[in-house]
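Structure below is protein27.cif: mmCIF, C-alpha atoms.
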data_structure
loop_
_atom_site.group_PDB
_atom_site.id
_atom_site.type_symbol
_atom_site.label_atom_id
_atom_site.label_comp_id
_atom_site.auth_asym_id
_atom_site.auth_seq_id
_atom_site.Cartn_x
_atom_site.Cartn_y
_atom_site.Cartn_z
ATOM 1 C CA MET A 254 13.271 -15.158 -9.648
ATOM 2 C CA THR A 255 9.932 -15.447 -11.451
ATOM 3 C CA ALA A 256 7.481 -12.576 -11.189
ATOM 4 C CA ARG A 257 4.173 -14.391 -10.934
ATOM 5 C CA ASN A 258 1.389 -12.006 -11.922
ATOM 6 C CA SER A 259 3.055 -9.116 -10.132
ATOM 7 C CA GLY A 260 3.319 -5.477 -11.094
ATOM 8 C CA PRO A 261 6.393 -3.269 -11.398
ATOM 9 C CA THR A 262 6.453 -2.261 -7.729
ATOM 10 C CA VAL A 263 6.705 -5.825 -6.429
ATOM 11 C CA ARG A 264 9.216 -6.743 -9.139
ATOM 12 C CA ARG A 265 11.288 -3.756 -8.029
ATOM 13 C CA ARG A 266 11.208 -5.022 -4.446
ATOM 14 C CA ARG A 267 12.336 -8.489 -5.532
ATOM 15 C CA LEU A 268 15.168 -7.071 -7.601
ATOM 16 C CA GLY A 269 16.318 -4.751 -4.823
ATOM 17 C CA ALA A 270 16.273 -7.536 -2.233
ATOM 18 C CA GLU A 271 18.330 -9.818 -4.475
ATOM 19 C CA LEU A 272 20.851 -7.086 -5.264
ATOM 20 C CA ARG A 273 21.261 -6.397 -1.547
ATOM 21 C CA ARG A 274 21.756 -10.113 -0.855
ATOM 22 C CA LEU A 275 24.362 -10.370 -3.619
ATOM 23 C CA ARG A 276 26.188 -7.280 -2.350
ATOM 24 C CA GLU A 277 26.349 -8.601 1.201
ATOM 25 C CA THR A 278 27.439 -12.059 0.018
ATOM 26 C CA ALA A 279 30.209 -10.502 -2.067
ATOM 27 C CA GLY A 280 31.368 -8.355 0.863
ATOM 28 C CA VAL A 281 30.864 -5.123 -1.076
ATOM 29 C CA ASP A 282 29.993 -2.004 0.924
ATOM 30 C CA VAL A 283 27.580 0.742 -0.063
ATOM 31 C CA GLU A 284 30.399 3.165 -0.819
ATOM 32 C CA GLN A 285 31.675 0.879 -3.580
ATOM 33 C CA VAL A 286 28.200 0.653 -5.074
ATOM 34 C CA ARG A 287 27.823 4.397 -4.866
ATOM 35 C CA GLU A 288 31.055 4.860 -6.815
ATOM 36 C CA VAL A 289 30.063 2.379 -9.535
ATOM 37 C CA LEU A 290 26.608 3.906 -10.022
ATOM 38 C CA ARG A 291 27.820 7.471 -9.401
ATOM 39 C CA CYS A 292 24.987 8.182 -7.020
ATOM 40 C CA SER A 293 24.340 8.967 -3.375
ATOM 41 C CA ALA A 294 24.251 6.419 -0.565
ATOM 42 C CA SER A 295 20.569 7.236 -0.030
ATOM 43 C CA LYS A 296 19.832 6.276 -3.634
ATOM 44 C CA VAL A 297 21.568 2.933 -3.117
ATOM 45 C CA SER A 298 19.334 2.372 -0.088
ATOM 46 C CA ARG A 299 16.176 3.240 -2.067
ATOM 47 C CA LEU A 300 17.285 0.949 -4.874
ATOM 48 C CA GLU A 301 17.844 -2.006 -2.539
ATOM 49 C CA ASN A 302 14.514 -1.338 -0.812
ATOM 50 C CA GLY A 303 12.689 -1.342 -4.152
ATOM 51 C CA ARG A 304 11.582 2.271 -3.856
ATOM 52 C CA ILE A 305 12.955 3.383 -7.239
ATOM 53 C CA PRO A 306 13.401 1.696 -10.627
ATOM 54 C CA VAL A 307 16.897 0.718 -11.733
ATOM 55 C CA ARG A 308 18.341 0.719 -15.237
ATOM 56 C CA THR A 309 19.389 -2.592 -16.773
ATOM 57 C CA LYS A 310 22.857 -1.105 -17.393
ATOM 58 C CA ASP A 311 23.223 -0.370 -13.681
ATOM 59 C CA VAL A 312 22.134 -3.907 -12.813
ATOM 60 C CA ALA A 313 24.690 -5.301 -15.251
ATOM 61 C CA ASP A 314 27.402 -3.139 -13.646
ATOM 62 C CA LEU A 315 26.418 -4.318 -10.173
ATOM 63 C CA LEU A 316 26.407 -7.968 -11.198
ATOM 64 C CA ARG A 317 29.981 -7.556 -12.477
ATOM 65 C CA LEU A 318 30.935 -5.872 -9.209
ATOM 66 C CA TYR A 319 29.377 -8.729 -7.226
ATOM 67 C CA GLY A 320 31.047 -11.400 -9.348
ATOM 68 C CA VAL A 321 27.809 -12.906 -10.666
ATOM 69 C CA THR A 322 28.754 -14.868 -13.792
ATOM 70 C CA ASP A 323 25.987 -17.477 -14.097
ATOM 71 C CA ALA A 324 24.179 -16.674 -17.361
ATOM 72 C CA ASP A 325 20.743 -17.790 -16.164
ATOM 73 C CA HIS A 326 20.995 -15.786 -12.932
ATOM 74 C CA ARG A 327 22.183 -12.692 -14.784
ATOM 75 C CA GLY A 328 19.469 -13.076 -17.400
ATOM 76 C CA ALA A 329 16.731 -13.420 -14.775
ATOM 77 C CA LEU A 330 17.854 -10.303 -12.908
ATOM 78 C CA LEU A 331 18.256 -8.219 -16.056
ATOM 79 C CA GLY A 332 14.800 -9.330 -17.156
ATOM 80 C CA LEU A 333 13.412 -8.379 -13.764
ATOM 81 C CA ALA A 334 15.036 -4.960 -14.122
ATOM 82 C CA ARG A 335 13.321 -4.434 -17.482
ATOM 83 C CA GLU A 336 9.943 -5.570 -16.134
ATOM 84 C CA SER A 337 10.258 -3.393 -13.033
ATOM 85 C CA ARG A 338 10.476 -0.292 -15.202
ATOM 86 C CA ARG A 339 7.147 -0.898 -16.890
ATOM 87 C CA HIS A 340 4.345 1.501 -16.065
ATOM 88 C CA GLY A 341 1.540 0.357 -13.784
ATOM 89 C CA TRP A 342 -2.087 1.230 -14.572
ATOM 90 C CA TRP A 343 -1.886 4.143 -12.141
ATOM 91 C CA GLN A 344 0.593 5.964 -14.390
ATOM 92 C CA ALA A 345 -2.454 7.366 -16.165
ATOM 93 C CA TYR A 346 -2.920 9.440 -12.990
ATOM 94 C CA GLN A 347 0.698 10.497 -12.595
ATOM 95 C CA ASP A 348 -0.369 14.152 -12.639
ATOM 96 C CA VAL A 349 -2.117 13.676 -9.268
ATOM 97 C CA VAL A 350 -0.130 10.826 -7.690
ATOM 98 C CA PRO A 351 2.754 11.998 -5.481
ATOM 99 C CA ALA A 352 5.891 9.840 -5.654
ATOM 100 C CA TRP A 353 5.519 8.701 -2.047
ATOM 101 C CA PHE A 354 2.011 7.358 -2.711
ATOM 102 C CA GLU A 355 2.862 5.683 -6.019
ATOM 103 C CA VAL A 356 4.815 3.012 -4.130
ATOM 104 C CA TYR A 357 1.787 2.206 -1.986
ATOM 105 C CA ILE A 358 -0.582 1.963 -4.968
ATOM 106 C CA GLY A 359 1.791 -0.490 -6.605
ATOM 107 C CA LEU A 360 1.986 -2.622 -3.470
ATOM 108 C CA GLU A 361 -1.782 -2.497 -2.972
ATOM 109 C CA ALA A 362 -2.318 -3.578 -6.594
ATOM 110 C CA ASP A 363 -0.321 -6.780 -5.996
ATOM 111 C CA ALA A 364 -1.292 -7.558 -2.409
ATOM 112 C CA SER A 365 -3.196 -10.758 -1.704
ATOM 113 C CA SER A 366 -4.298 -9.446 1.694
ATOM 114 C CA ILE A 367 -4.832 -5.932 3.049
ATOM 115 C CA SER A 368 -5.489 -5.465 6.772
ATOM 116 C CA VAL A 369 -6.243 -1.939 7.933
ATOM 117 C CA TYR A 370 -6.984 0.023 11.074
ATOM 118 C CA GLU A 371 -8.690 3.368 10.382
ATOM 119 C CA PRO A 372 -9.481 5.698 13.329
ATOM 120 C CA GLN A 373 -10.722 8.727 11.369
ATOM 121 C CA LEU A 374 -12.001 7.954 7.864
ATOM 122 C CA VAL A 375 -13.543 5.160 5.830
ATOM 123 C CA HIS A 376 -10.735 3.333 4.073
ATOM 124 C CA GLY A 377 -10.123 4.471 0.489
ATOM 125 C CA LEU A 378 -11.048 1.085 -0.985
ATOM 126 C CA LEU A 379 -14.552 1.455 0.477
ATOM 127 C CA GLN A 380 -15.229 5.141 -0.147
ATOM 128 C CA THR A 381 -18.017 6.487 -2.351
ATOM 129 C CA ALA A 382 -17.236 9.231 -4.840
ATOM 130 C CA ASP A 383 -19.070 11.879 -2.779
ATOM 131 C CA TYR A 384 -17.315 10.897 0.432
ATOM 132 C CA ALA A 385 -13.904 10.801 -1.276
ATOM 133 C CA ARG A 386 -14.569 14.179 -2.875
ATOM 134 C CA ALA A 387 -15.442 15.741 0.499
ATOM 135 C CA VAL A 388 -12.323 14.285 2.119
ATOM 136 C CA MET A 389 -10.059 15.508 -0.669
ATOM 137 C CA ARG A 390 -11.614 18.947 -0.763
ATOM 138 C CA ALA A 391 -11.172 19.320 3.000
ATOM 139 C CA SER A 392 -7.523 18.245 2.885
ATOM 140 C CA ASN A 393 -6.734 20.212 -0.317
ATOM 141 C CA PRO A 394 -8.863 23.376 -0.019
ATOM 142 C CA GLU A 395 -6.959 25.256 -2.723
ATOM 143 C CA ALA A 396 -6.857 22.465 -5.324
ATOM 144 C CA PRO A 397 -8.777 23.123 -8.566
ATOM 145 C CA ASP A 398 -11.918 21.084 -9.164
ATOM 146 C CA ASP A 399 -10.424 19.091 -12.042
ATOM 147 C CA GLU A 400 -7.563 17.920 -9.828
ATOM 148 C CA ILE A 401 -9.999 16.815 -7.135
ATOM 149 C CA GLU A 402 -12.007 14.883 -9.714
ATOM 150 C CA ARG A 403 -8.863 13.172 -10.982
ATOM 151 C CA ARG A 404 -8.007 12.104 -7.444
ATOM 152 C CA VAL A 405 -11.527 10.773 -6.939
ATOM 153 C CA ALA A 406 -11.308 8.819 -10.210
ATOM 154 C CA LEU A 407 -8.017 7.264 -9.103
ATOM 155 C CA ARG A 408 -9.558 6.196 -5.805
ATOM 156 C CA LEU A 409 -12.509 4.583 -7.539
ATOM 157 C CA ASP A 410 -10.202 2.810 -9.989
ATOM 158 C CA ARG A 411 -8.293 1.319 -7.068
ATOM 159 C CA GLN A 412 -11.534 -0.184 -5.795
ATOM 160 C CA SER A 413 -12.215 -2.189 -8.959
ATOM 161 C CA ARG A 414 -9.835 -4.927 -7.852
ATOM 162 C CA LEU A 415 -12.088 -5.865 -4.928
ATOM 163 C CA ARG A 416 -14.636 -7.259 -7.390
ATOM 164 C CA GLY A 417 -12.248 -8.411 -10.094
ATOM 165 C CA ASP A 418 -10.459 -11.681 -10.713
ATOM 166 C CA ASN A 419 -8.351 -12.927 -7.812
ATOM 167 C CA PRO A 420 -9.367 -10.067 -5.469
ATOM 168 C CA PRO A 421 -7.366 -9.356 -2.305
ATOM 169 C CA ARG A 422 -8.603 -10.323 1.155
ATOM 170 C CA LEU A 423 -9.569 -6.980 2.700
ATOM 171 C CA TRP A 424 -10.039 -6.719 6.470
ATOM 172 C CA VAL A 425 -10.900 -3.243 7.731
ATOM 173 C CA ILE A 426 -11.250 -2.186 11.360
ATOM 174 C CA LEU A 427 -12.994 1.180 11.700
ATOM 175 C CA ASP A 428 -13.114 3.201 14.880
ATOM 176 C CA GLU A 429 -16.687 4.126 15.803
ATOM 177 C CA ALA A 430 -15.680 7.762 15.321
ATOM 178 C CA VAL A 431 -15.513 7.070 11.577
ATOM 179 C CA LEU A 432 -19.221 6.247 11.570
ATOM 180 C CA ARG A 433 -20.156 9.306 13.602
ATOM 181 C CA ARG A 434 -18.279 11.904 11.547
ATOM 182 C CA PRO A 435 -20.708 13.162 8.821
ATOM 183 C CA VAL A 436 -18.226 13.744 6.022
ATOM 184 C CA GLY A 437 -19.899 15.470 3.085
ATOM 185 C CA GLY A 438 -23.193 15.969 4.917
ATOM 186 C CA ALA A 439 -25.903 13.605 6.141
ATOM 187 C CA ALA A 440 -26.980 12.259 2.742
ATOM 188 C CA ALA A 441 -23.438 11.580 1.564
ATOM 189 C CA MET A 442 -22.571 9.957 4.867
ATOM 190 C CA ARG A 443 -25.649 7.755 4.816
ATOM 191 C CA ALA A 444 -24.762 6.564 1.316
ATOM 192 C CA GLN A 445 -21.211 5.945 2.459
ATOM 193 C CA LEU A 446 -22.261 3.809 5.412
ATOM 194 C CA GLU A 447 -24.599 1.846 3.154
ATOM 195 C CA ARG A 448 -21.655 1.241 0.804
ATOM 196 C CA VAL A 449 -19.528 -0.104 3.664
ATOM 197 C CA ALA A 450 -22.322 -2.434 4.812
ATOM 198 C CA LYS A 451 -22.801 -3.662 1.243
ATOM 199 C CA ALA A 452 -19.082 -4.231 0.742
ATOM 200 C CA ALA A 453 -19.009 -6.347 3.898
ATOM 201 C CA GLU A 454 -21.242 -8.843 2.074
ATOM 202 C CA LEU A 455 -18.433 -9.658 -0.350
ATOM 203 C CA PRO A 456 -16.719 -12.958 0.486
ATOM 204 C CA ASN A 457 -13.288 -11.308 0.436
ATOM 205 C CA VAL A 458 -14.196 -8.302 2.627
ATOM 206 C CA THR A 459 -14.577 -8.175 6.408
ATOM 207 C CA VAL A 460 -15.474 -5.004 8.315
ATOM 208 C CA GLN A 461 -15.287 -4.590 12.076
ATOM 209 C CA VAL A 462 -16.115 -1.550 14.183
ATOM 210 C CA LEU A 463 -14.090 -0.706 17.264
ATOM 211 C CA PRO A 464 -16.714 0.827 19.602
ATOM 212 C CA PHE A 465 -16.113 3.742 21.947
ATOM 213 C CA ALA A 466 -16.900 1.333 24.782
ATOM 214 C CA ALA A 467 -13.637 -0.517 24.052
ATOM 215 C CA GLY A 468 -11.771 2.313 25.779
ATOM 216 C CA ALA A 469 -7.989 2.327 25.430
ATOM 217 C CA HIS A 470 -6.855 -0.056 22.694
ATOM 218 C CA ALA A 471 -3.860 -1.206 20.647
ATOM 219 C CA GLY A 472 -4.487 1.243 17.804
ATOM 220 C CA LEU A 473 -4.405 4.503 19.724
ATOM 221 C CA GLY A 474 -2.588 7.257 17.889
ATOM 222 C CA SER A 475 -2.051 5.635 14.507
ATOM 223 C CA THR A 476 -3.511 4.525 11.193
ATOM 224 C CA PHE A 477 -1.763 1.612 9.564
ATOM 225 C CA SER A 478 -2.107 -1.104 6.949
ATOM 226 C CA VAL A 479 -0.427 -4.495 6.688
ATOM 227 C CA LEU A 480 -0.106 -5.815 3.149
ATOM 228 C CA GLY A 481 0.573 -9.476 2.462
ATOM 229 C CA PHE A 482 1.564 -11.138 -0.821
ATOM 230 C CA ALA A 483 0.828 -14.521 -2.335
ATOM 231 C CA ASP A 484 4.418 -15.254 -3.324
ATOM 232 C CA GLU A 485 6.386 -16.370 -0.273
ATOM 233 C CA THR A 486 9.448 -14.495 -1.529
ATOM 234 C CA ASP A 487 7.592 -11.190 -1.085
ATOM 235 C CA HIS A 488 7.576 -10.309 2.600
ATOM 236 C CA ASP A 489 4.750 -8.349 4.222
ATOM 237 C CA VAL A 490 4.833 -4.567 4.419
ATOM 238 C CA VAL A 491 3.439 -2.230 7.061
ATOM 239 C CA TYR A 492 2.341 1.073 5.554
ATOM 240 C CA ILE A 493 1.849 4.163 7.708
ATOM 241 C CA GLU A 494 0.666 7.383 6.071
ATOM 242 C CA LYS A 495 2.034 10.514 7.719
ATOM 243 C CA GLY A 496 0.807 13.869 6.439
ATOM 244 C CA ALA A 497 2.416 14.477 3.043
ATOM 245 C CA GLY A 498 4.529 11.344 3.175
ATOM 246 C CA SER A 499 4.632 7.712 4.169
ATOM 247 C CA LEU A 500 6.576 5.177 6.183
ATOM 248 C CA TYR A 501 7.161 1.564 5.180
ATOM 249 C CA LEU A 502 8.222 -1.041 7.711
ATOM 250 C CA GLU A 503 9.570 -4.343 6.416
ATOM 251 C CA ARG A 504 11.727 -5.885 9.126
ATOM 252 C CA PRO A 505 10.288 -9.181 10.462
ATOM 253 C CA SER A 506 10.194 -7.790 14.007
ATOM 254 C CA GLU A 507 8.214 -4.740 12.841
ATOM 255 C CA ILE A 508 5.776 -6.883 10.872
ATOM 256 C CA ARG A 509 5.207 -9.112 13.902
ATOM 257 C CA ARG A 510 4.561 -6.109 16.141
ATOM 258 C CA TYR A 511 1.870 -4.730 13.855
ATOM 259 C CA ARG A 512 0.332 -8.157 13.277
ATOM 260 C CA VAL A 513 -0.027 -8.463 17.037
ATOM 261 C CA ARG A 514 -1.620 -5.005 17.190
ATOM 262 C CA LEU A 515 -4.110 -6.090 14.544
ATOM 263 C CA ASP A 516 -4.931 -9.234 16.506
ATOM 264 C CA HIS A 517 -5.647 -7.162 19.610
ATOM 265 C CA LEU A 518 -7.789 -4.701 17.635
ATOM 266 C CA MET A 519 -9.807 -7.518 16.075
ATOM 267 C CA ALA A 520 -10.390 -8.986 19.517
ATOM 268 C CA SER A 521 -11.500 -5.606 20.940
ATOM 269 C CA ALA A 522 -13.802 -4.762 18.012
ATOM 270 C CA LEU A 523 -17.375 -5.896 17.490
ATOM 271 C CA GLY A 524 -17.793 -9.076 15.465
ATOM 272 C CA PRO A 525 -18.521 -8.655 11.738
ATOM 273 C CA ALA A 526 -22.296 -9.167 12.079
ATOM 274 C CA ASP A 527 -22.623 -6.781 15.028
ATOM 275 C CA SER A 528 -20.403 -4.276 13.224
ATOM 276 C CA VAL A 529 -22.640 -4.233 10.149
ATOM 277 C CA ALA A 530 -25.669 -3.880 12.431
ATOM 278 C CA LEU A 531 -24.132 -0.805 14.070
ATOM 279 C CA ILE A 532 -23.166 0.677 10.700
ATOM 280 C CA SER A 533 -26.728 0.197 9.459
ATOM 281 C CA ALA A 534 -28.205 1.714 12.626
ATOM 282 C CA VAL A 535 -26.053 4.834 12.319
ATOM 283 C CA SER A 536 -26.988 5.060 8.651
ATOM 284 C CA GLU A 537 -30.695 4.860 9.453
ATOM 285 C CA ALA A 538 -30.337 7.603 12.055
ATOM 286 C CA LEU A 539 -29.138 9.940 9.300
ATOM 287 C CA ARG A 540 -32.422 9.718 7.372
#
Could you express the structure from this file as structure tokens?
Amino acid sequence: MTARNSGPTVRRRRLGAELRRLRETAGVDVEQVREVLRCSASKVSRLENGRIPVRTKDVADLLRLYGVTDADHRGALLGLARESRRHGWWQAYQDVVPAWFEVYIGLEADASSISVYEPQLVHGLLQTADYARAVMRASNPEAPDDEIERRVALRLDRQSRLRGDNPPRLWVILDEAVLRRPVGGAAAMRAQLERVAKAAELPNVTVQVLPFAAGAHAGLGSTFSVLGFADETDHDVVYIEKGAGSLYLERPSEIRRYRVRLDHLMASALGPADSVALISAVSEALR
């Protein structure tokens, strides 16, 4: 139950998964847990899925309920509970981070691989400040300027990991429509496309463009990300952003389905070199 270089979100997932395993092994149903913790069944589900932090007292109560008496096992889980309640770096932006997105930021911060299909916008990890600002202003037309700037700062802070120690493997597939949509005006869009082409030079970043000529493809109708983790005990997660909320898929069958979709999209897209060439050509046309 070690937490190798992971943040609070991943620790929370590990703790929740172990508590669910212990509950099922002990033959305890959710109603019994709900009574012990004095909470709703939905909260028990969020706890076991790692979506919310859990108090060490509640973990201790659950371990008694599940008949866990081994001192080392109890100590490891109680320690994990304490660590999972620590604040991540993004807590500095809690005034502009909705609860549903905080989970994703935590997962992204610990992911060893991030594979994304984006049909409408440049992925957040590759956005320039001007592009991000235009996107946020368009989607939040009534937000005050200082809030927009805070959101932009958060997005740029997320990007720092791409060039830091032990960066994640980022693989982004962009629909050609992303290149053709001049978000923020021609100058801002040109700078954005140049940023994407430059990022593709990093050894841990691959960018592919899915051209219009590909026709119907495996990504129609959805934007999604698949996050992988270095520790084999942390299973992959599919993240789907939906309006003012999000959906997380974690069942092995769901992960496989989206991995297959990614494989098909990669096969339909231009190769990395041809993709960068197209990005550069569109950028030049904006001069």
Apply the PyMOL selection byres ((chain A and resi 458) around 9) to the file shown and report the selected residues as an NGL selection string.
-> :A and (415 or 421-425 or 452-457 or 459-460)
Emit the selected residues as an mmCIF file, keeping the file's coordinate frame, including C-alpha atoms.
data_model
loop_
_atom_site.group_PDB
_atom_site.id
_atom_site.type_symbol
_atom_site.label_atom_id
_atom_site.label_comp_id
_atom_site.auth_asym_id
_atom_site.auth_seq_id
_atom_site.Cartn_x
_atom_site.Cartn_y
_atom_site.Cartn_z
ATOM 1 C CA LEU A 415 -12.088 -5.865 -4.928
ATOM 2 C CA PRO A 421 -7.366 -9.356 -2.305
ATOM 3 C CA ARG A 422 -8.603 -10.323 1.155
ATOM 4 C CA LEU A 423 -9.569 -6.980 2.700
ATOM 5 C CA TRP A 424 -10.039 -6.719 6.470
ATOM 6 C CA VAL A 425 -10.900 -3.243 7.731
ATOM 7 C CA ALA A 452 -19.082 -4.231 0.742
ATOM 8 C CA ALA A 453 -19.009 -6.347 3.898
ATOM 9 C CA GLU A 454 -21.242 -8.843 2.074
ATOM 10 C CA LEU A 455 -18.433 -9.658 -0.350
ATOM 11 C CA PRO A 456 -16.719 -12.958 0.486
ATOM 12 C CA ASN A 457 -13.288 -11.308 0.436
ATOM 13 C CA THR A 459 -14.577 -8.175 6.408
ATOM 14 C CA VAL A 460 -15.474 -5.004 8.315
#
Residues near Cys292 in chain A, cut-off 12 Å, only C-alpha atoms, skip fewer than 6 positions along chain, as a list in words |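 The neighbour list is Val283, Glu284, Gln285, Val286, Ser298, Arg299, Leu300, Val307 and Asp311 of chain A.
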Mind dumping a table of every range 330-410 of chain A residue within 10 Å of range 434-442 of chain A, with the nearest atom pair and its distance in Å to one decimal, using all atoms listed in the file, sorted by chain and rising number, as JSON lines?
{"residue": "A:Gln373", "atom": "CA", "partner": "A:Arg434", "partner_atom": "CA", "distance": 8.2}
{"residue": "A:Leu374", "atom": "CA", "partner": "A:Arg434", "partner_atom": "CA", "distance": 8.3}
{"residue": "A:Val375", "atom": "CA", "partner": "A:Val436", "partner_atom": "CA", "distance": 9.8}
{"residue": "A:Thr381", "atom": "CA", "partner": "A:Ala441", "partner_atom": "CA", "distance": 8.4}
{"residue": "A:Ala382", "atom": "CA", "partner": "A:Ala441", "partner_atom": "CA", "distance": 9.2}
{"residue": "A:Asp383", "atom": "CA", "partner": "A:Ala441", "partner_atom": "CA", "distance": 6.2}
{"residue": "A:Tyr384", "atom": "CA", "partner": "A:Gly437", "partner_atom": "CA", "distance": 5.9}
{"residue": "A:Ala385", "atom": "CA", "partner": "A:Gly437", "partner_atom": "CA", "distance": 8.8}
{"residue": "A:Arg386", "atom": "CA", "partner": "A:Gly437", "partner_atom": "CA", "distance": 8.1}
{"residue": "A:Ala387", "atom": "CA", "partner": "A:Gly437", "partner_atom": "CA", "distance": 5.2}
{"residue": "A:Val388", "atom": "CA", "partner": "A:Val436", "partner_atom": "CA", "distance": 7.1}
{"residue": "A:Arg390", "atom": "CA", "partner": "A:Gly437", "partner_atom": "CA", "distance": 9.8}
{"residue": "A:Ala391", "atom": "CA", "partner": "A:Val436", "partner_atom": "CA", "distance": 9.5}
Name the residues captured by the PyMOL selection byres ((chain A and resi 480-495) around 8) when it is applied to the shown file; answer as a PyMOL selection string.
-> chain A and resi 257+263+266-267+357+360-361+363-368+475-479+496-503+507-508+511
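Distances to Ile426 in chain A were evaluated for A:Gln344, A:Ser521, A:Asn393, A:Ser506 using all atoms listed in the file, and the minimum falls at A:Ser521.
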What's the 10 Å shell around range 317-334 of chain A, counting only C-alpha atoms, without same-chain residues fewer than 5 positions away, as a ChimeraX atom specification?
-> /A:254-256,261,264-265,267-269,271-272,275-281,285-286,289,306-312,339
Please give the centre and size of the box around range 267-273 of chain A (axis-aligned, containing every atom listed in the file, 5 Å added per side), with values in Å to one decimal and written as AutoDock Vina command-line options.
--center_x 16.8 --center_y -7.3 --center_z -4.6 --size_x 18.9 --size_y 15.1 --size_z 16.1
Of the residues A:Ala534, A:Leu316, A:Val369, A:Leu407, which is the one nearest to Met519 in chain A, using all atoms listed in the file?
->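 Smallest distance to Met519 in chain A is found for A:Val369.
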